[in-house]
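Structure file protein-v8.pdb with PDB, C-alpha atoms, pLDDT in the B column:
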ATOM      1  CA  MET A  28      18.302  37.540  12.812  1.00 50.00           C
ATOM      2  CA  GLN A  29      14.907  37.964  11.238  1.00 50.00           C
ATOM      3  CA  THR A  30      13.380  41.385  10.883  1.00 56.00           C
ATOM      4  CA  ASN A  31       9.693  42.173  10.601  1.00 52.00           C
ATOM      5  CA  GLU A  32      10.179  42.382   6.829  1.00 58.00           C
ATOM      6  CA  ASN A  33      11.750  38.901   6.781  1.00 55.00           C
ATOM      7  CA  LEU A  34       8.918  37.496   8.890  1.00 50.00           C
ATOM      8  CA  MET A  35       6.291  39.018   6.614  1.00 50.00           C
ATOM      9  CA  SER A  36       8.107  37.618   3.591  1.00 51.00           C
ATOM     10  CA  ALA A  37       8.300  34.142   5.167  1.00 51.00           C
ATOM     11  CA  SER A  38       4.614  34.306   6.042  1.00 48.00           C
ATOM     12  CA  SER A  39       3.569  35.247   2.518  1.00 51.00           C
ATOM     13  CA  ALA A  40       5.744  32.405   1.170  1.00 62.00           C
ATOM     14  CA  GLY A  41       3.616  29.861   3.074  1.00 67.00           C
ATOM     15  CA  ASN A  42       6.031  29.641   6.011  1.00 64.00           C
ATOM     16  CA  PRO A  43       4.197  31.463   8.794  1.00 65.00           C
ATOM     17  CA  PHE A  44       6.012  32.503  11.938  1.00 62.00           C
ATOM     18  CA  HIS A  45       3.547  33.034  14.777  1.00 69.00           C
ATOM     19  CA  GLY A  46       5.574  32.984  17.909  1.00 80.00           C
ATOM     20  CA  ALA A  47       8.990  32.868  19.432  1.00 91.00           C
ATOM     21  CA  ALA A  48      12.364  31.434  18.555  1.00 92.00           C
ATOM     22  CA  LEU A  49      15.474  30.294  20.358  1.00 93.00           C
ATOM     23  CA  LEU A  50      18.722  31.957  19.344  1.00 94.00           C
ATOM     24  CA  ASP A  51      21.965  30.002  19.380  1.00 95.00           C
ATOM     25  CA  GLU A  52      25.391  31.504  20.017  1.00 96.00           C
ATOM     26  CA  ASN A  53      25.737  32.252  16.277  1.00 95.00           C
ATOM     27  CA  GLY A  54      22.430  34.107  16.066  1.00 93.00           C
ATOM     28  CA  ARG A  55      20.614  31.329  14.229  1.00 94.00           C
ATOM     29  CA  GLU A  56      16.922  31.120  15.043  1.00 93.00           C
ATOM     30  CA  THR A  57      15.036  27.928  15.845  1.00 93.00           C
ATOM     31  CA  PRO A  58      11.266  28.448  16.034  1.00 91.00           C
ATOM     32  CA  ILE A  59       9.717  27.116  19.241  1.00 93.00           C
ATOM     33  CA  THR A  60       7.247  24.389  18.308  1.00 92.00           C
ATOM     34  CA  GLU A  61       4.244  22.966  20.122  1.00 93.00           C
ATOM     35  CA  GLU A  62       6.153  19.688  20.447  1.00 95.00           C
ATOM     36  CA  MET A  63       8.994  21.505  22.237  1.00 94.00           C
ATOM     37  CA  ILE A  64       6.537  23.064  24.701  1.00 94.00           C
ATOM     38  CA  VAL A  65       4.782  19.743  25.383  1.00 96.00           C
ATOM     39  CA  GLN A  66       8.141  18.051  25.940  1.00 96.00           C
ATOM     40  CA  ALA A  67       9.203  20.772  28.397  1.00 96.00           C
ATOM     41  CA  CYS A  68       5.901  20.537  30.289  1.00 96.00           C
ATOM     42  CA  ASP A  69       6.185  16.735  30.463  1.00 95.00           C
ATOM     43  CA  GLU A  70       9.702  17.076  31.880  1.00 95.00           C
ATOM     44  CA  LEU A  71       8.462  19.533  34.515  1.00 94.00           C
ATOM     45  CA  LEU A  72       5.637  17.161  35.496  1.00 92.00           C
ATOM     46  CA  LYS A  73       8.179  14.376  36.110  1.00 92.00           C
ATOM     47  CA  HIS A  74       9.849  16.535  38.763  1.00 90.00           C
ATOM     48  CA  TRP A  75       6.752  18.096  40.302  1.00 87.00           C
ATOM     49  CA  GLN A  76       6.006  17.261  43.917  1.00 83.00           C
ATOM     50  CA  PHE A  77       2.765  18.285  45.513  1.00 80.00           C
ATOM     51  CA  PRO A  78       3.115  20.385  48.652  1.00 81.00           C
ATOM     52  CA  GLY A  79       3.427  18.234  51.763  1.00 79.00           C
ATOM     53  CA  GLN A  80       4.971  15.222  49.997  1.00 65.00           C
ATOM     54  CA  ALA A  81       8.453  14.149  51.046  1.00 60.00           C
ATOM     55  CA  ALA A  82      11.104  13.839  48.365  1.00 59.00           C
TER      56      ALA A  82
END
Can you present the structure in this file as structure tokens?
Amino acid sequence: MQTNENLMSASSAGNPFHGAALLDENGRETPITEEMIVQACDELLKHWQFPGQAA
């Protein structure tokens, strides 16, 4: 798990961390990327139904 000190060190090394991360069952962190968010939003849009429309 990264601490504030680790994050500051990564940032000063040219590897900025500006957000959130997913943690797996072993505690490994995967930074959440813009691509991941866009993909999730696209998936939600596929399943969205406007009110009043039958499924």
At what distance in Å, to one decimal, does atom CA of A:Ala47 lie from atom CA of A:Trp75?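 Atom-to-atom, atom CA of A:Trp75 to atom CA of A:Ala47, that is 25.7 Å.
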Quote the spacing between atom CA of A:Pro78 and atom CA of A:Glu62 in Å to one decimal place. 28.4 Å
Between A:Leu71, A:Thr60, A:Gly79, A:Gln66, which is the closest to A:Gly46 once you count all atoms listed in the file?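 Answer, going by the shortest atom-to-atom distance: A:Thr60.
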Give me, please, the distance in Å between atom CA of A:Leu72 and atom CA of A:Arg55, quoted to one decimal. 29.6 Å
